[in-house]
$ cat model.cif   # mmCIF, C-alpha atoms and all ligand atoms
data_data
#
loop_
_atom_site.label_atom_id
_atom_site.label_comp_id
_atom_site.auth_asym_id
_atom_site.auth_seq_id
_atom_site.Cartn_x
_atom_site.Cartn_y
_atom_site.Cartn_z
CA MET A 21 173.86 -17.92 143.87
CA THR A 22 173.37 -14.96 146.13
CA THR A 23 170.12 -14.11 147.84
CA GLY A 24 169.84 -10.36 147.62
CA VAL A 25 171.88 -7.71 149.35
CA PHE A 26 173.86 -10.35 151.17
CA SER A 27 174.91 -13.81 150.17
CA ARG A 28 173.12 -16.87 151.48
CA ARG A 29 176.33 -17.91 153.22
CA GLY A 30 176.66 -14.41 154.68
CA PHE A 31 173.13 -14.54 155.93
CA LEU A 32 173.62 -17.96 157.48
CA VAL A 33 176.72 -16.73 159.30
CA MET A 34 174.87 -13.67 160.52
CA ALA A 35 171.77 -15.63 161.44
CA SER A 36 173.82 -18.19 163.31
CA ALA A 37 175.67 -15.46 165.20
CA LEU A 38 172.36 -13.90 166.18
CA GLY A 39 170.88 -17.23 167.21
CA LEU A 40 168.23 -17.06 164.52
CA VAL A 41 168.85 -20.46 163.05
CA LYS A 42 168.29 -22.35 166.28
CA ALA A 43 166.04 -20.24 168.41
CA GLY A 44 165.00 -17.02 166.70
CA PRO A 45 161.62 -16.17 165.27
CA TRP A 46 162.95 -17.20 161.86
CA VAL A 47 163.78 -20.53 160.36
CA LEU A 48 165.70 -21.09 157.16
CA LYS A 49 163.97 -23.16 154.51
CA GLY A 50 165.30 -23.73 150.99
CA PRO A 51 166.85 -20.71 149.30
CA CYS A 52 164.75 -18.20 151.21
CA ILE A 53 163.88 -17.26 154.75
CA ALA A 54 160.55 -18.67 155.82
CA ALA A 55 158.51 -17.45 158.73
CA PRO A 56 157.19 -20.02 161.17
CA GLN A 57 153.56 -20.90 160.89
CA SER A 58 152.69 -18.65 163.80
CA ILE A 59 153.38 -15.62 161.62
CA GLU A 60 150.49 -15.55 159.17
CA PRO A 61 148.86 -12.54 157.52
CA ARG A 62 146.54 -11.00 160.06
CA GLU A 63 142.84 -11.21 159.40
CA GLY A 64 141.64 -8.40 157.20
CA LYS A 65 145.13 -7.46 156.01
CA MET A 66 145.83 -7.42 152.30
CA SER A 67 148.31 -9.89 150.95
CA TYR A 68 149.56 -10.41 147.42
CA GLU A 69 148.33 -13.32 145.38
CA ALA A 70 150.28 -15.03 142.65
CA LYS A 71 148.87 -14.45 139.19
CA ASP A 72 148.26 -17.19 136.66
CA TYR A 73 150.45 -16.99 133.57
CA SER A 74 149.68 -20.44 132.20
CA ARG A 75 148.45 -18.73 129.01
CA LEU A 76 152.15 -18.46 128.10
CA ILE A 77 152.62 -22.22 127.88
CA GLY A 78 153.12 -23.10 124.25
CA MET A 79 155.18 -20.04 123.36
CA LYS A 80 157.67 -20.90 120.65
CA GLY A 81 161.15 -21.10 122.10
CA PHE A 82 160.03 -21.65 125.71
CA SER A 83 159.51 -25.19 126.93
CA GLU A 84 156.63 -26.01 129.26
CA ASN A 85 159.14 -27.34 131.79
CA LEU A 86 161.05 -24.05 131.85
CA LEU A 87 157.91 -21.96 132.13
CA ARG A 88 156.36 -24.06 134.90
CA ASN A 89 159.60 -23.88 136.89
CA HIS A 90 159.67 -20.13 136.35
CA PHE A 91 156.07 -19.75 137.55
CA THR A 92 156.95 -21.70 140.70
CA LEU A 93 159.92 -19.42 141.39
CA TYR A 94 157.68 -16.39 140.93
CA GLN A 95 155.11 -17.80 143.34
CA GLY A 96 157.89 -18.06 145.93
CA TYR A 97 158.51 -14.32 145.69
CA VAL A 98 154.84 -13.61 146.25
CA THR A 99 154.75 -15.88 149.30
CA ASN A 100 157.89 -14.38 150.78
CA THR A 101 156.79 -10.80 150.10
CA ASN A 102 153.73 -11.51 152.24
CA LYS A 103 155.74 -13.25 154.93
CA VAL A 104 158.37 -10.55 155.19
CA THR A 105 155.72 -7.82 155.24
CA GLU A 106 153.91 -9.52 158.09
CA ALA A 107 157.06 -10.32 160.02
CA LEU A 108 158.24 -6.71 159.83
CA ALA A 109 154.87 -5.55 161.14
CA GLU A 110 155.09 -8.03 164.02
CA MET A 111 158.62 -6.90 164.87
CA HIS A 112 157.53 -3.26 164.81
CA LYS A 113 154.62 -4.12 167.08
CA ALA A 114 157.03 -5.88 169.43
CA GLY A 115 159.34 -2.85 169.57
CA LYS A 116 162.17 -4.58 167.72
CA THR A 117 162.91 -2.03 164.99
CA ALA A 118 166.37 -1.36 166.40
CA SER A 119 167.36 -5.01 166.10
CA PRO A 120 169.73 -6.40 163.46
CA GLU A 121 167.03 -8.89 162.48
CA TYR A 122 164.63 -6.07 161.60
CA ALA A 123 167.32 -4.23 159.63
CA GLU A 124 168.24 -7.28 157.59
CA LEU A 125 164.62 -8.21 156.91
CA LYS A 126 163.84 -4.63 155.90
CA ARG A 127 166.72 -4.79 153.41
CA ARG A 128 165.47 -8.12 152.15
CA PHE A 129 161.98 -6.79 151.52
CA GLY A 130 163.07 -4.90 148.39
CA TRP A 131 164.58 -8.08 146.99
CA GLU A 132 161.47 -10.17 147.52
CA PHE A 133 159.03 -7.45 146.42
CA ASN A 134 160.95 -6.59 143.27
CA GLY A 135 161.39 -10.28 142.53
CA MET A 136 157.61 -10.56 142.61
CA ARG A 137 156.75 -7.43 140.64
CA LEU A 138 159.46 -7.74 137.98
CA HIS A 139 158.33 -11.27 137.19
CA GLU A 140 154.76 -10.04 136.76
CA LEU A 141 155.88 -7.31 134.39
CA TYR A 142 158.06 -9.80 132.52
CA PHE A 143 155.35 -12.42 132.04
CA GLU A 144 152.85 -9.73 131.11
CA ASN A 145 155.01 -8.41 128.29
CA LEU A 146 155.30 -11.89 126.78
CA GLY A 147 152.78 -13.88 124.75
CA GLY A 148 152.72 -11.57 121.74
CA ASN A 149 153.97 -11.99 118.19
CA GLY A 150 157.04 -9.81 118.56
CA GLN A 151 155.81 -7.35 115.96
CA ILE A 152 156.16 -3.65 116.69
CA ASP A 153 154.22 -1.00 114.85
CA ALA A 154 156.91 1.45 113.80
CA SER A 155 154.33 4.23 113.67
CA ALA A 156 153.16 3.68 117.28
CA PRO A 157 154.09 6.45 119.74
CA LEU A 158 156.59 4.41 121.76
CA ALA A 159 158.34 3.10 118.64
CA GLN A 160 158.66 6.66 117.40
CA ARG A 161 160.10 7.79 120.72
CA LEU A 162 162.58 4.91 120.81
CA ALA A 163 163.76 5.72 117.31
CA LYS A 164 164.21 9.36 118.23
CA ALA A 165 166.03 8.60 121.49
CA PHE A 166 168.41 5.95 120.12
CA GLY A 167 168.76 6.96 116.48
CA SER A 168 166.58 4.14 115.17
CA LEU A 169 164.49 1.26 116.47
CA GLN A 170 167.26 -1.11 115.48
CA ASP A 171 169.77 0.91 117.52
CA TRP A 172 167.48 0.79 120.54
CA GLU A 173 167.05 -2.97 120.16
CA SER A 174 170.76 -3.68 119.79
CA ASP A 175 171.47 -1.63 122.92
CA PHE A 176 168.73 -3.45 124.87
CA ARG A 177 170.04 -6.84 123.73
CA GLY A 178 173.51 -5.72 124.78
CA VAL A 179 172.27 -4.89 128.27
CA GLY A 180 170.55 -8.27 128.47
CA ALA A 181 173.74 -10.05 127.46
CA MET A 182 175.80 -8.50 130.24
CA ARG A 183 177.47 -10.97 132.54
CA GLY A 184 175.68 -11.53 135.80
CA ILE A 185 172.15 -12.23 136.94
CA GLY A 186 169.46 -9.60 136.80
CA TRP A 187 167.12 -7.80 134.47
CA ALA A 188 167.27 -5.68 131.34
CA ILE A 189 164.69 -2.92 131.64
CA LEU A 190 163.53 -0.17 129.31
CA TYR A 191 162.63 2.71 131.59
CA GLN A 192 160.73 5.89 130.96
CA ASP A 193 161.65 8.80 133.17
CA ASP A 194 158.28 10.20 134.16
CA LEU A 195 160.02 13.51 134.68
CA GLY A 196 160.66 14.62 131.11
CA GLY A 197 159.95 11.32 129.35
CA ARG A 198 163.51 10.20 128.56
CA LEU A 199 164.04 6.52 127.80
CA PHE A 200 166.83 4.37 129.23
CA ASN A 201 167.94 0.78 128.81
CA GLN A 202 169.07 -0.22 132.28
CA TRP A 203 170.64 -3.21 134.01
CA VAL A 204 169.15 -4.17 137.36
CA ASN A 205 171.35 -6.47 139.38
CA GLU A 206 169.53 -9.34 141.12
CA HIS A 207 166.09 -7.75 141.66
CA ASP A 208 166.85 -4.64 143.61
CA VAL A 209 170.08 -2.93 142.65
CA GLY A 210 170.10 -0.28 139.96
CA HIS A 211 166.46 0.79 139.70
CA LEU A 212 166.03 4.35 138.48
CA ALA A 213 164.04 6.40 140.98
CA GLY A 214 160.93 7.99 139.52
CA CYS A 215 161.17 5.98 136.32
CA ARG A 216 158.54 3.65 134.94
CA PRO A 217 159.54 0.16 133.74
CA LEU A 218 158.11 -0.33 130.25
CA LEU A 219 159.75 -3.50 128.96
CA ILE A 220 161.28 -6.12 131.22
CA MET A 221 163.51 -9.06 130.33
CA ASP A 222 164.59 -11.63 132.91
CA VAL A 223 168.21 -12.67 132.42
CA PHE A 224 168.63 -14.79 135.50
CA GLU A 225 169.92 -18.18 134.35
CA HIS A 226 166.68 -19.86 135.44
CA ALA A 227 164.93 -17.89 132.67
CA PHE A 228 166.80 -19.72 129.90
CA MET A 229 169.31 -22.39 130.96
CA LEU A 230 166.89 -25.32 130.81
CA ASP A 231 166.23 -24.56 127.15
CA TYR A 232 169.37 -22.81 125.98
CA GLY A 233 172.23 -23.73 128.28
CA LEU A 234 174.70 -20.86 128.20
CA LYS A 235 173.38 -19.46 124.91
CA ARG A 236 171.79 -16.35 126.36
CA ALA A 237 171.67 -14.58 122.98
CA ASP A 238 169.41 -17.35 121.65
CA TYR A 239 167.07 -16.88 124.60
CA ILE A 240 167.02 -13.12 123.99
CA GLN A 241 166.08 -13.81 120.38
CA ALA A 242 163.18 -16.02 121.53
CA PHE A 243 162.14 -13.34 124.01
CA PHE A 244 161.91 -10.73 121.27
CA GLN A 245 159.93 -13.12 119.05
CA ASN A 246 157.29 -13.45 121.78
CA LEU A 247 157.19 -9.84 122.94
CA ASP A 248 153.78 -8.26 123.36
CA TRP A 249 154.47 -4.74 122.21
CA GLY A 250 150.88 -3.79 122.89
CA ALA A 251 151.41 -4.46 126.60
CA VAL A 252 154.62 -2.42 126.55
CA GLU A 253 152.97 0.47 124.75
CA LYS A 254 150.19 0.61 127.36
CA ARG A 255 152.75 1.18 130.12
CA ALA A 256 154.13 4.28 128.40
CA LYS A 257 152.16 7.37 129.24
FE FE A 301 162.94 -15.16 136.86
#

$ encode --input "model.cif" --output "structure tokens" --more "lines below"
Ligand SMILES: [Fe+2]
Amino acid sequence: MTTGVFSRRGFLVMASALGLVKAGPWVLKGPCIAAPQSIEPREGKMSYEAKDYSRLIGMKGFSENLLRNHFTLYQGYVTNTNKVTEALAEMHKAGKTASPEYAELKRRFGWEFNGMRLHELYFENLGGNGQIDASAPLAQRLAKAFGSLQDWESDFRGVGAMRGIGWAILYQDDLGGRLFNQWVNEHDVGHLAGCRPLLIMDVFEHAFMLDYGLKRADYIQAFFQNLDWGAVEKRAK
């Protein structure tokens, strides 16, 4: 599995070449970079806190084991978003913005941040009964944009079934209101600038393999059965 804009192996090679693994301000821990304990959020500075999505436990088609593992992964993105934010600020303060370490961490920030935020949007559009009111404004817009609601859904499912790890996202272009089903690779590649994510589906393997193995279409079916269309509708303005 890769870890963002560069592979884990690529990062290790780079980090080793730069002396980061042995002596730099960074240590490598698990699948992510972890800052040493000396780099903590400064007093008075805002940091993100992981939200509690335990209300989702019990959803039909999602085991408790899968969900609890998924929540733990999400919490890691929150932790690392805070760590990377703080580390970048420290490096700026130390006059190190021209360093390769700063450049690579700055690139990594989008991966960690989007990993955090996309999971929040994903969990928050789950926990419903999957029913969509065909007369609701968003449903009407989807039908108009794609020919019918069924055509929109089949396209969205098709995006979600694409090979690779990432996200299927229904976007609204805030400039003009057009609607797009989009693939986002990993967490950070393919976002549409100026567009608002309305409906988010995680298609990383960790989102379904524990329950469905390689049967991604079955997971997508379970996802749709638990969609909270009310939450999606609220995002459309
Ligand atoms: Fe995920």

$ closest_residue --input "model.cif" --among "A:Phe91, A:Phe200, A:Phe166, A:Tyr68" --to "ligand FE 301 (chain A)" --atoms "all atoms listed in the file"
A:Phe91

$ residues_around --input "model.cif" --residues "Met136 in chain A" --least-positions-apart "5" --cutoff "10 Å" --atoms "all atoms listed in the file" --output "PyMOL selection string"
chain A and resi 68+70+93-101+130-131+141+207

$ residues_near_ligand --input "model.cif" --ligand "ligand FE 301 (chain A)" --cutoff "10 Å" --atoms "only C-alpha atoms and all ligand atoms" --output "ChimeraX atom specification"
/A:87,89-94,97,135-136,138-140,142-143,185-187,206-207,221-228

$ atom_distance --input "model.cif" --atom1 "CA of Ala156 in chain A" --atom2 "CA of Met182 in chain A"
28.8 Å

$ residues_around --input "model.cif" --residues "Asp194 in chain A" --least-positions-apart "4" --cutoff "10 Å" --atoms "all atoms listed in the file" --output "count of residues only"
8

$ residues_around --input "model.cif" --residues "Leu108 in chain A" --least-positions-apart "6" --cutoff "8 Å" --atoms "all atoms listed in the file" --output "list in words"
Tyr122, Leu125 and Lys126 of chain A

$ residues_around --input "model.cif" --residues "Lys80 in chain A" --least-positions-apart "4" --cutoff "9 Å" --atoms "all atoms listed in the file" --output "MDAnalysis selection string"
chainID A and resid 242 245:246

$ atom_distance --input "model.cif" --atom1 "CA of Trp249 in chain A" --atom2 "CA of Gly233 in chain A"
26.7 Å

$ atom_distance --input "model.cif" --atom1 "CA of Gly178 in chain A" --atom2 "CA of Leu86 in chain A"
23.3 Å

$ closest_residue --input "model.cif" --among "A:Ile240, A:Leu247, A:Thr105, A:Leu230" --to "Ser83 in chain A" --atoms "all atoms listed in the file"
A:Leu230

$ closest_residue --input "model.cif" --among "A:Val104, A:Ala165, A:Leu234, A:Leu195" --to "Arg127 in chain A" --atoms "only C-alpha atoms"
A:Val104

$ closest_residue --input "model.cif" --among "A:Asp208, A:Glu253, A:Glu110, A:Asp72" --to "Leu190 in chain A" --atoms "only C-alpha atoms"
A:Glu253

$ build_atoms --input "model.cif" --residues "range 74-99 of chain A" --atoms "N, CA and C atoms" --output "PDB file, in the frame of the given file"
ATOM      1  N   SER A  74     149.647 -19.191 132.974  1.00  0.00           N
ATOM      2  CA  SER A  74     149.680 -20.440 132.200  1.00  0.00           C
ATOM      3  C   SER A  74     149.330 -20.200 130.724  1.00  0.00           C
ATOM      4  N   ARG A  75     148.756 -19.050 130.412  1.00  0.00           N
ATOM      5  CA  ARG A  75     148.450 -18.730 129.010  1.00  0.00           C
ATOM      6  C   ARG A  75     149.733 -18.711 128.160  1.00  0.00           C
ATOM      7  N   LEU A  76     150.889 -18.549 128.835  1.00  0.00           N
ATOM      8  CA  LEU A  76     152.150 -18.460 128.100  1.00  0.00           C
ATOM      9  C   LEU A  76     152.679 -19.825 127.664  1.00  0.00           C
ATOM     10  N   ILE A  77     152.142 -20.885 128.254  1.00  0.00           N
ATOM     11  CA  ILE A  77     152.620 -22.220 127.880  1.00  0.00           C
ATOM     12  C   ILE A  77     152.277 -22.478 126.414  1.00  0.00           C
ATOM     13  N   GLY A  78     153.296 -22.901 125.692  1.00  0.00           N
ATOM     14  CA  GLY A  78     153.120 -23.100 124.250  1.00  0.00           C
ATOM     15  C   GLY A  78     153.847 -22.059 123.421  1.00  0.00           C
ATOM     16  N   MET A  79     154.411 -21.041 124.101  1.00  0.00           N
ATOM     17  CA  MET A  79     155.180 -20.040 123.360  1.00  0.00           C
ATOM     18  C   MET A  79     156.347 -20.714 122.648  1.00  0.00           C
ATOM     19  N   LYS A  80     156.558 -20.341 121.407  1.00  0.00           N
ATOM     20  CA  LYS A  80     157.670 -20.900 120.650  1.00  0.00           C
ATOM     21  C   LYS A  80     159.002 -20.470 121.295  1.00  0.00           C
ATOM     22  N   GLY A  81     159.838 -21.431 121.535  1.00  0.00           N
ATOM     23  CA  GLY A  81     161.150 -21.100 122.100  1.00  0.00           C
ATOM     24  C   GLY A  81     161.205 -21.184 123.611  1.00  0.00           C
ATOM     25  N   PHE A  82     160.069 -21.502 124.253  1.00  0.00           N
ATOM     26  CA  PHE A  82     160.030 -21.650 125.710  1.00  0.00           C
ATOM     27  C   PHE A  82     159.368 -22.986 126.034  1.00  0.00           C
ATOM     28  N   SER A  83     160.109 -23.897 126.616  1.00  0.00           N
ATOM     29  CA  SER A  83     159.510 -25.190 126.930  1.00  0.00           C
ATOM     30  C   SER A  83     158.533 -25.065 128.098  1.00  0.00           C
ATOM     31  N   GLU A  84     157.594 -25.997 128.146  1.00  0.00           N
ATOM     32  CA  GLU A  84     156.630 -26.010 129.260  1.00  0.00           C
ATOM     33  C   GLU A  84     157.359 -26.216 130.583  1.00  0.00           C
ATOM     34  N   ASN A  85     158.377 -27.069 130.557  1.00  0.00           N
ATOM     35  CA  ASN A  85     159.140 -27.340 131.790  1.00  0.00           C
ATOM     36  C   ASN A  85     159.788 -26.062 132.316  1.00  0.00           C
ATOM     37  N   LEU A  86     160.419 -25.303 131.421  1.00  0.00           N
ATOM     38  CA  LEU A  86     161.050 -24.050 131.850  1.00  0.00           C
ATOM     39  C   LEU A  86     160.020 -23.074 132.400  1.00  0.00           C
ATOM     40  N   LEU A  87     158.920 -22.933 131.686  1.00  0.00           N
ATOM     41  CA  LEU A  87     157.910 -21.960 132.130  1.00  0.00           C
ATOM     42  C   LEU A  87     157.296 -22.365 133.466  1.00  0.00           C
ATOM     43  N   ARG A  88     156.980 -23.644 133.623  1.00  0.00           N
ATOM     44  CA  ARG A  88     156.360 -24.060 134.900  1.00  0.00           C
ATOM     45  C   ARG A  88     157.335 -23.868 136.058  1.00  0.00           C
ATOM     46  N   ASN A  89     158.604 -24.142 135.841  1.00  0.00           N
ATOM     47  CA  ASN A  89     159.600 -23.880 136.890  1.00  0.00           C
ATOM     48  C   ASN A  89     159.675 -22.387 137.205  1.00  0.00           C
ATOM     49  N   HIS A  90     159.585 -21.585 136.160  1.00  0.00           N
ATOM     50  CA  HIS A  90     159.670 -20.130 136.350  1.00  0.00           C
ATOM     51  C   HIS A  90     158.450 -19.619 137.124  1.00  0.00           C
ATOM     52  N   PHE A  91     157.285 -20.160 136.809  1.00  0.00           N
ATOM     53  CA  PHE A  91     156.070 -19.750 137.550  1.00  0.00           C
ATOM     54  C   PHE A  91     156.209 -20.115 139.026  1.00  0.00           C
ATOM     55  N   THR A  92     156.778 -21.271 139.297  1.00  0.00           N
ATOM     56  CA  THR A  92     156.950 -21.700 140.700  1.00  0.00           C
ATOM     57  C   THR A  92     157.907 -20.759 141.430  1.00  0.00           C
ATOM     58  N   LEU A  93     158.986 -20.375 140.763  1.00  0.00           N
ATOM     59  CA  LEU A  93     159.920 -19.420 141.390  1.00  0.00           C
ATOM     60  C   LEU A  93     159.203 -18.103 141.691  1.00  0.00           C
ATOM     61  N   TYR A  94     158.433 -17.634 140.735  1.00  0.00           N
ATOM     62  CA  TYR A  94     157.680 -16.390 140.930  1.00  0.00           C
ATOM     63  C   TYR A  94     156.737 -16.501 142.122  1.00  0.00           C
ATOM     64  N   GLN A  95     156.049 -17.620 142.220  1.00  0.00           N
ATOM     65  CA  GLN A  95     155.110 -17.800 143.340  1.00  0.00           C
ATOM     66  C   GLN A  95     155.837 -17.711 144.679  1.00  0.00           C
ATOM     67  N   GLY A  96     157.094 -18.155 144.707  1.00  0.00           N
ATOM     68  CA  GLY A  96     157.890 -18.060 145.930  1.00  0.00           C
ATOM     69  C   GLY A  96     158.129 -16.609 146.341  1.00  0.00           C
ATOM     70  N   TYR A  97     158.330 -15.743 145.364  1.00  0.00           N
ATOM     71  CA  TYR A  97     158.510 -14.320 145.690  1.00  0.00           C
ATOM     72  C   TYR A  97     157.238 -13.712 146.265  1.00  0.00           C
ATOM     73  N   VAL A  98     156.107 -14.124 145.733  1.00  0.00           N
ATOM     74  CA  VAL A  98     154.840 -13.610 146.250  1.00  0.00           C
ATOM     75  C   VAL A  98     154.666 -14.068 147.708  1.00  0.00           C
ATOM     76  N   THR A  99     154.888 -15.335 147.940  1.00  0.00           N
ATOM     77  CA  THR A  99     154.750 -15.880 149.300  1.00  0.00           C
ATOM     78  C   THR A  99     155.684 -15.159 150.264  1.00  0.00           C
TER      79      THR A  99
END
